[in-house]
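Below: upload_11.cif (mmCIF, C-alpha atoms)
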```
data_upload
loop_
_atom_site.label_atom_id
_atom_site.label_comp_id
_atom_site.auth_asym_id
_atom_site.auth_seq_id
_atom_site.Cartn_x
_atom_site.Cartn_y
_atom_site.Cartn_z
CA MET A 1 -10.28 13.26 -4.79
CA ILE A 2 -11.87 11.02 -2.19
CA THR A 3 -12.56 12.37 1.26
CA ASN A 4 -10.72 11.45 4.46
CA ASN A 5 -13.76 9.64 5.84
CA HIS A 6 -13.95 7.27 2.89
CA ASN A 7 -10.28 6.98 1.98
CA PRO A 8 -8.55 3.75 3.03
CA TYR A 9 -5.49 4.75 0.98
CA LEU A 10 -4.58 7.79 3.04
CA LEU A 11 -1.71 6.23 5.01
CA TYR A 12 -0.82 2.92 3.42
CA LEU A 13 1.86 0.95 5.28
CA VAL A 14 3.90 -1.43 3.14
CA THR A 15 5.82 -3.88 5.32
CA ASP A 16 9.54 -4.49 5.09
CA ASP A 17 10.14 -8.13 4.10
CA GLN A 18 13.65 -7.98 5.58
CA GLN A 19 12.27 -7.66 9.10
CA SER A 20 11.72 -10.66 11.34
CA LEU A 21 8.20 -11.78 12.17
CA THR A 22 8.60 -10.41 15.70
CA THR A 23 9.71 -7.01 14.42
CA LEU A 24 6.97 -7.01 11.80
CA GLU A 25 4.37 -7.71 14.47
CA HIS A 26 5.68 -4.85 16.63
CA VAL A 27 5.82 -2.37 13.73
CA VAL A 28 2.32 -3.15 12.48
CA ARG A 29 0.75 -3.08 15.93
CA GLU A 30 2.34 0.28 16.70
CA ALA A 31 1.63 1.71 13.25
CA VAL A 32 -2.03 0.72 13.55
CA ALA A 33 -2.18 2.47 16.92
CA GLY A 34 -0.66 5.50 15.19
CA GLY A 35 -3.40 5.61 12.57
CA VAL A 36 -2.37 3.75 9.40
CA THR A 37 -5.39 3.16 7.17
CA MET A 38 -4.23 0.15 5.14
CA VAL A 39 -1.47 -2.47 5.39
CA GLN A 40 0.22 -4.35 2.56
CA ILE A 41 2.29 -7.44 3.32
CA ARG A 42 5.27 -7.86 1.05
CA GLU A 43 7.36 -11.04 0.90
CA LYS A 44 9.89 -11.36 -1.91
CA HIS A 45 11.74 -14.50 -0.79
CA GLY A 46 9.39 -17.05 -2.32
CA ASP A 47 8.62 -18.85 0.95
CA VAL A 48 4.84 -19.25 0.74
CA ARG A 49 4.46 -20.69 4.24
CA ALA A 50 6.37 -17.77 5.72
CA PHE A 51 4.25 -15.37 3.68
CA ILE A 52 1.04 -16.94 5.00
CA GLU A 53 2.34 -16.83 8.56
CA ARG A 54 3.20 -13.14 8.24
CA ALA A 55 -0.17 -12.40 6.67
CA GLN A 56 -2.06 -14.27 9.40
CA THR A 57 -0.10 -12.45 12.09
CA VAL A 58 -0.93 -9.06 10.60
CA LYS A 59 -4.54 -10.01 9.98
CA ALA A 60 -4.94 -10.86 13.68
CA ILE A 61 -3.62 -7.40 14.60
CA LEU A 62 -6.02 -5.70 12.19
CA GLN A 63 -8.96 -7.78 13.43
CA HIS A 64 -8.13 -6.82 17.02
CA ALA A 65 -8.04 -3.15 15.99
CA TYR A 66 -11.48 -3.51 14.44
CA MET A 67 -12.93 -5.22 17.50
CA THR A 68 -11.52 -2.64 19.90
CA THR A 69 -11.86 0.58 17.90
CA GLY A 70 -14.27 -0.15 15.04
CA ARG A 71 -11.63 0.84 12.48
CA HIS A 72 -11.50 -1.48 9.48
CA ILE A 73 -7.96 -1.45 8.12
CA PRO A 74 -7.76 -3.47 4.89
CA LEU A 75 -5.10 -6.19 4.58
CA ILE A 76 -3.52 -6.27 1.12
CA ILE A 77 -1.21 -9.01 -0.16
CA ASN A 78 1.58 -8.08 -2.53
CA ASP A 79 1.68 -10.15 -5.75
CA ARG A 80 0.43 -13.49 -4.44
CA VAL A 81 -3.22 -14.22 -5.16
CA ASP A 82 -2.94 -17.68 -3.57
CA VAL A 83 -1.78 -16.19 -0.27
CA ALA A 84 -4.57 -13.61 -0.36
CA LEU A 85 -7.15 -16.35 -0.87
CA ALA A 86 -5.56 -18.56 1.80
CA VAL A 87 -5.87 -15.91 4.51
CA ASP A 88 -9.01 -14.21 3.13
CA ALA A 89 -7.24 -10.88 2.77
CA ASP A 90 -9.08 -7.75 1.70
CA GLY A 91 -7.22 -7.55 -1.59
CA VAL A 92 -4.10 -7.88 -3.70
CA HIS A 93 -1.58 -5.42 -5.08
CA LEU A 94 -0.02 -6.40 -8.40
CA GLY A 95 3.11 -5.39 -10.24
CA GLN A 96 3.37 -5.18 -14.01
CA THR A 97 4.93 -8.65 -14.32
CA ASP A 98 2.51 -10.43 -11.99
CA MET A 99 -0.62 -12.36 -12.94
CA PRO A 100 -2.82 -10.37 -15.36
CA VAL A 101 -5.33 -8.09 -13.66
CA THR A 102 -8.36 -9.57 -15.42
CA ILE A 103 -7.52 -13.09 -14.22
CA VAL A 104 -6.86 -11.90 -10.69
CA ARG A 105 -10.21 -10.13 -10.61
CA GLN A 106 -11.94 -13.35 -11.66
CA LEU A 107 -10.18 -15.25 -8.88
CA LEU A 108 -10.76 -12.66 -6.17
CA GLY A 109 -14.32 -11.71 -7.07
CA LYS A 110 -15.73 -8.22 -7.34
CA ASP A 111 -15.69 -7.31 -3.66
CA LYS A 112 -11.94 -7.46 -3.00
CA LEU A 113 -9.58 -4.53 -3.49
CA LEU A 114 -7.20 -4.74 -6.42
CA GLY A 115 -4.29 -2.36 -6.88
CA LEU A 116 -1.75 -2.09 -9.69
CA SER A 117 1.71 -0.54 -9.76
CA ILE A 118 2.13 1.99 -12.55
CA GLU A 119 5.65 2.86 -13.66
CA THR A 120 5.22 4.52 -17.08
CA GLU A 121 2.81 6.91 -18.76
CA GLN A 122 1.77 4.19 -21.20
CA GLN A 123 0.84 1.91 -18.30
CA LEU A 124 -1.10 4.81 -16.83
CA ILE A 125 -3.08 5.19 -20.06
CA ASP A 126 -3.63 1.44 -20.39
CA CYS A 127 -4.92 0.97 -16.85
CA ALA A 128 -8.00 3.12 -17.39
CA ASN A 129 -10.14 0.20 -18.56
CA LEU A 130 -8.81 -2.42 -16.16
CA PRO A 131 -10.94 -3.86 -13.30
CA ILE A 132 -8.82 -2.29 -10.55
CA ASP A 133 -9.64 -0.10 -7.55
CA TYR A 134 -6.51 2.04 -7.24
CA ILE A 135 -3.00 2.49 -8.62
CA GLY A 136 0.35 2.70 -6.91
CA LEU A 137 2.37 5.35 -8.76
CA SER A 138 5.98 4.25 -8.52
CA ALA A 139 8.30 5.81 -7.80
CA ILE A 140 7.74 9.45 -6.98
CA PHE A 141 11.31 9.92 -5.74
CA ALA A 142 14.44 7.76 -5.70
CA THR A 143 14.38 5.16 -2.95
CA THR A 144 16.65 2.47 -1.55
CA THR A 145 13.65 0.16 -1.06
CA LYS A 146 13.27 -0.47 -4.79
CA THR A 147 16.28 -0.37 -7.08
CA ASN A 148 14.78 -1.65 -10.36
CA LEU A 149 12.70 1.43 -11.06
CA ILE A 150 11.73 2.54 -14.56
CA THR A 151 10.50 6.02 -13.69
CA HIS A 152 10.94 8.70 -11.07
CA TRP A 153 7.71 10.60 -11.55
CA GLY A 154 8.53 13.56 -9.39
CA LEU A 155 5.88 16.04 -8.34
CA ASN A 156 5.14 17.18 -11.90
CA GLY A 157 4.63 13.59 -13.04
CA LEU A 158 2.33 12.92 -10.09
CA GLN A 159 0.31 16.00 -10.97
CA ARG A 160 -0.05 14.83 -14.59
CA ALA A 161 -1.05 11.35 -13.44
CA ALA A 162 -3.69 12.75 -11.08
CA ALA A 163 -5.23 14.68 -13.97
CA MET A 164 -5.31 11.56 -16.18
CA CYS A 165 -6.11 8.68 -13.86
CA PRO A 166 -9.72 7.63 -13.12
CA PHE A 167 -8.65 5.73 -9.99
CA PRO A 168 -7.34 6.82 -6.58
CA ILE A 169 -3.56 7.28 -6.65
CA VAL A 170 -1.29 5.99 -3.90
CA ALA A 171 2.11 7.65 -4.23
CA ILE A 172 5.11 5.51 -3.34
CA GLY A 173 8.85 5.90 -3.34
CA GLY A 174 11.07 8.10 -1.20
CA ILE A 175 8.17 9.76 0.62
CA ASN A 176 8.83 11.20 4.07
CA HIS A 177 8.16 14.30 6.18
CA SER A 178 10.33 16.49 3.96
CA ASN A 179 8.14 16.03 0.87
CA LEU A 180 4.80 14.79 2.20
CA THR A 181 3.01 18.14 1.92
CA GLU A 182 4.07 18.57 -1.71
CA VAL A 183 3.06 15.01 -2.63
CA MET A 184 -0.46 15.46 -1.30
CA ALA A 185 -0.75 18.89 -2.92
CA ALA A 186 0.23 17.36 -6.27
CA GLY A 187 -2.87 15.15 -6.24
CA ALA A 188 -2.13 11.93 -4.38
CA ASP A 189 -5.08 10.30 -2.59
CA GLY A 190 -2.67 8.70 -0.18
CA VAL A 191 0.93 7.69 0.38
CA ALA A 192 2.56 4.29 0.72
CA ILE A 193 5.22 4.31 3.38
CA VAL A 194 7.88 1.70 4.10
CA SER A 195 11.02 3.00 5.80
CA ALA A 196 9.62 6.14 7.43
CA ILE A 197 7.43 3.92 9.61
CA SER A 198 9.03 0.45 9.59
CA HIS A 199 12.50 1.77 10.43
CA ALA A 200 11.38 4.50 12.81
CA ASP A 201 12.44 4.31 16.46
CA ASP A 202 8.79 4.84 17.35
CA PRO A 203 6.52 3.52 14.55
CA ARG A 204 3.38 4.66 16.38
CA GLN A 205 4.56 8.26 16.63
CA ALA A 206 5.91 8.18 13.08
CA ALA A 207 2.56 7.05 11.72
CA ALA A 208 0.67 9.61 13.81
CA ASP A 209 2.93 12.45 12.67
CA ILE A 210 2.61 11.47 9.00
CA LEU A 211 -1.18 11.20 9.28
CA THR A 212 -1.39 14.61 10.93
CA THR A 213 0.62 16.16 8.11
CA ILE A 214 -1.50 14.45 5.45
CA LYS A 215 -4.77 15.60 6.99
CA ALA A 216 -3.44 19.14 7.32
CA ASN A 217 -2.92 19.20 3.57
CA GLN A 218 -6.24 17.74 2.46
#
```
Kindly return the structure encoded in the file as structure tokens.
Amino acid sequence: MITNNHNPYLLYLVTDDQQSLTTLEHVVREAVAGGVTMVQIREKHGDVRAFIERAQTVKAILQHAYMTTGRHIPLIINDRVDVALAVDADGVHLGQTDMPVTIVRQLLGKDKLLGLSIETEQQLIDCANLPIDYIGLSAIFATTTKTNLITHWGLNGLQRAAAMCPFPIVAIGGINHSNLTEVMAAGADGVAIVSAISHADDPRQAAADILTTIKANQ
């Protein structure tokens, strides 16, 4: 388990690609103020220019946070290596049907973060020798954000994965205040949050409350 002081995965915001650019900007700015430790931009509509615009907007927010507070919050791009390179993001998060990890690592270089979604125990076993930095274990619980899920790991599955996996584990899927304590206790190094922050009335307070709960259970 990595420590709080060296754990960028602790509170990992994944943006909602259904939200407008204006709403996205508001959510990210407020969530950063609330303490999120990493931000992943997701864009599933295939519009590369829109993806780059969203990524540049978020990057500017994260750069401002660094200049004003000294907090480096990594910017991760979902799926698209070309977008990550275009905006000089801090890394890429891949799904199982995206570009192969070894090729992405060659394109990104050794200093960028590379995450991989893991949906089955076989994928968990296979990832051990891949040039990645962390895994996203998906999904811990049922969620409306992703409907094409192979596995609901549950807390027991997360605990097994934590015992097997050589990389930090970001738990994703249906995570909120009602189960956050149990998820961290089961061995997650951090949690990826979409709705509980992006759809909150007050994203800043939502992020702060989640972070407080996480740190209380470390």
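Across A:Ala188, A:Met38, A:Leu116, A:Val170, the tightest approach to A:Pro100 is made by A:Leu116 when counting only C-alpha atoms.
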>> Could you list, as an MDAnalysis selection string, every residue matched by the PyMOL selection byres ((chain A and resi 191) around 8) in this structure?
In response: chainID A and resid 9:12 170:172 175 188:190 192:193
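If all atoms listed in the file are the atoms counted, then among A:Gly154, A:Leu21, A:Gly34, A:Lys59 the closest residue to A:Asp209 is A:Gly34.
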>> Quick check, in Å to one decimal: how far apart do atom CA of A:Pro131 and atom CA of A:His6 lie?
In response: 19.9 Å
> If the PyMOL selection byres ((chain A and resi 51) around 10) is run on the structure shown, which residues does it catch, given as an NGL selection string?
Replying inline: :A and (17 or 41-50 or 52-57 or 77-78 or 80 or 83-84)
> Please, what distance in Å, to one decimal, runs between atom CA of A:Val14 and atom CA of A:Ala206?
Replying inline: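 Taking atom CA of A:Val14 as the start and atom CA of A:Ala206 as the end point, the length is 14.0 Å.
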>> Excluding A:Ile125 and its own-chain neighbours fewer than 4 positions away, which residues fall within 12 Å of it when counting all atoms listed in the file? Please give them as number ranges by chain.
In response: A: 118-121, 129-130, 135, 160-167
> How many Å separate atom CA of A:Gly35 from atom CA of A:Tyr66?
Replying inline: 12.3 Å
>> To test your reading of the syntax: which residues would the PyMOL selection byres ((chain A and resi 187) around 8) return for the file shown? Reply as a PyMOL selection string.
In response: chain A and resi 1+158-159+162+169+183-186+188-189
Please dump the current selection as a PDB file, in the frame of the given file; keep C-alpha atoms.
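The result, stored in part_22.pdb:
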```pdb
ATOM      1  CA  MET A   1     -10.280  13.260  -4.790  1.00  0.00           C
ATOM      2  CA  LEU A 158       2.330  12.920 -10.090  1.00  0.00           C
ATOM      3  CA  GLN A 159       0.310  16.000 -10.970  1.00  0.00           C
ATOM      4  CA  ALA A 162      -3.690  12.750 -11.080  1.00  0.00           C
ATOM      5  CA  ILE A 169      -3.560   7.280  -6.650  1.00  0.00           C
ATOM      6  CA  VAL A 183       3.060  15.010  -2.630  1.00  0.00           C
ATOM      7  CA  MET A 184      -0.460  15.460  -1.300  1.00  0.00           C
ATOM      8  CA  ALA A 185      -0.750  18.890  -2.920  1.00  0.00           C
ATOM      9  CA  ALA A 186       0.230  17.360  -6.270  1.00  0.00           C
ATOM     10  CA  ALA A 188      -2.130  11.930  -4.380  1.00  0.00           C
ATOM     11  CA  ASP A 189      -5.080  10.300  -2.590  1.00  0.00           C
TER      12      ASP A 189
END
```
Residue rebuild result stretch 81-100 of chain A, N, CA, C and O atoms as an mmCIF file, in the coordinates of the input:
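Result saved to result_30.cif:
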```cif
data_model
loop_
_atom_site.group_PDB
_atom_site.id
_atom_site.type_symbol
_atom_site.label_atom_id
_atom_site.label_comp_id
_atom_site.auth_asym_id
_atom_site.auth_seq_id
_atom_site.Cartn_x
_atom_site.Cartn_y
_atom_site.Cartn_z
ATOM 1 N N VAL A 81 -1.782 -14.007 -5.254
ATOM 2 C CA VAL A 81 -3.220 -14.220 -5.160
ATOM 3 C C VAL A 81 -3.522 -15.427 -4.270
ATOM 4 O O VAL A 81 -4.494 -15.432 -3.504
ATOM 5 N N ASP A 82 -2.700 -16.470 -4.364
ATOM 6 C CA ASP A 82 -2.940 -17.680 -3.570
ATOM 7 C C ASP A 82 -2.860 -17.385 -2.074
ATOM 8 O O ASP A 82 -3.672 -17.880 -1.287
ATOM 9 N N VAL A 83 -1.906 -16.556 -1.688
ATOM 10 C CA VAL A 83 -1.780 -16.190 -0.270
ATOM 11 C C VAL A 83 -2.984 -15.359 0.170
ATOM 12 O O VAL A 83 -3.533 -15.567 1.252
ATOM 13 N N ALA A 84 -3.407 -14.436 -0.682
ATOM 14 C CA ALA A 84 -4.570 -13.610 -0.360
ATOM 15 C C ALA A 84 -5.811 -14.470 -0.150
ATOM 16 O O ALA A 84 -6.585 -14.249 0.786
ATOM 17 N N LEU A 85 -6.004 -15.459 -1.006
ATOM 18 C CA LEU A 85 -7.150 -16.350 -0.870
ATOM 19 C C LEU A 85 -7.008 -17.228 0.371
ATOM 20 O O LEU A 85 -7.990 -17.499 1.069
ATOM 21 N N ALA A 86 -5.793 -17.670 0.653
ATOM 22 C CA ALA A 86 -5.560 -18.560 1.800
ATOM 23 C C ALA A 86 -5.908 -17.897 3.124
ATOM 24 O O ALA A 86 -6.415 -18.552 4.041
ATOM 25 N N VAL A 87 -5.628 -16.596 3.235
ATOM 26 C CA VAL A 87 -5.870 -15.910 4.510
ATOM 27 C C VAL A 87 -7.121 -15.027 4.461
ATOM 28 O O VAL A 87 -7.430 -14.344 5.431
ATOM 29 N N ASP A 88 -7.833 -15.057 3.330
ATOM 30 C CA ASP A 88 -9.010 -14.210 3.130
ATOM 31 C C ASP A 88 -8.666 -12.746 3.383
ATOM 32 O O ASP A 88 -9.320 -12.051 4.166
ATOM 33 N N ALA A 89 -7.639 -12.277 2.675
ATOM 34 C CA ALA A 89 -7.240 -10.880 2.770
ATOM 35 C C ALA A 89 -8.266 -9.988 2.085
ATOM 36 O O ALA A 89 -9.146 -10.460 1.361
ATOM 37 N N ASP A 90 -8.134 -8.700 2.299
ATOM 38 C CA ASP A 90 -9.080 -7.750 1.700
ATOM 39 C C ASP A 90 -8.747 -7.439 0.252
ATOM 40 O O ASP A 90 -9.577 -6.850 -0.451
ATOM 41 N N GLY A 91 -7.555 -7.822 -0.197
ATOM 42 C CA GLY A 91 -7.220 -7.550 -1.590
ATOM 43 C C GLY A 91 -5.786 -7.902 -1.924
ATOM 44 O O GLY A 91 -5.042 -8.458 -1.112
ATOM 45 N N VAL A 92 -5.418 -7.565 -3.145
ATOM 46 C CA VAL A 92 -4.100 -7.880 -3.700
ATOM 47 C C VAL A 92 -3.561 -6.640 -4.391
ATOM 48 O O VAL A 92 -4.316 -5.891 -5.025
ATOM 49 N N HIS A 93 -2.248 -6.461 -4.292
ATOM 50 C CA HIS A 93 -1.580 -5.420 -5.080
ATOM 51 C C HIS A 93 -0.632 -6.100 -6.062
ATOM 52 O O HIS A 93 0.199 -6.916 -5.668
ATOM 53 N N LEU A 94 -0.773 -5.757 -7.328
ATOM 54 C CA LEU A 94 -0.020 -6.400 -8.400
ATOM 55 C C LEU A 94 1.043 -5.467 -8.994
ATOM 56 O O LEU A 94 0.826 -4.252 -9.080
ATOM 57 N N GLY A 95 2.142 -6.080 -9.423
ATOM 58 C CA GLY A 95 3.110 -5.390 -10.240
ATOM 59 C C GLY A 95 2.847 -5.676 -11.703
ATOM 60 O O GLY A 95 1.991 -6.505 -12.047
ATOM 61 N N GLN A 96 3.609 -5.046 -12.573
ATOM 62 C CA GLN A 96 3.370 -5.180 -14.010
ATOM 63 C C GLN A 96 3.741 -6.553 -14.560
ATOM 64 O O GLN A 96 3.283 -6.928 -15.638
ATOM 65 N N THR A 97 4.546 -7.321 -13.837
ATOM 66 C CA THR A 97 4.930 -8.650 -14.320
ATOM 67 C C THR A 97 4.220 -9.768 -13.571
ATOM 68 O O THR A 97 4.539 -10.949 -13.756
ATOM 69 N N ASP A 98 3.259 -9.418 -12.731
ATOM 70 C CA ASP A 98 2.510 -10.430 -11.990
ATOM 71 C C ASP A 98 1.358 -10.970 -12.842
ATOM 72 O O ASP A 98 1.215 -10.627 -14.012
ATOM 73 N N MET A 99 0.531 -11.811 -12.238
ATOM 74 C CA MET A 99 -0.620 -12.360 -12.940
ATOM 75 C C MET A 99 -1.487 -11.244 -13.519
ATOM 76 O O MET A 99 -1.664 -10.212 -12.880
ATOM 77 N N PRO A 100 -2.002 -11.416 -14.745
ATOM 78 C CA PRO A 100 -2.820 -10.370 -15.360
ATOM 79 C C PRO A 100 -4.003 -9.956 -14.490
ATOM 80 O O PRO A 100 -4.643 -10.793 -13.842
#
```
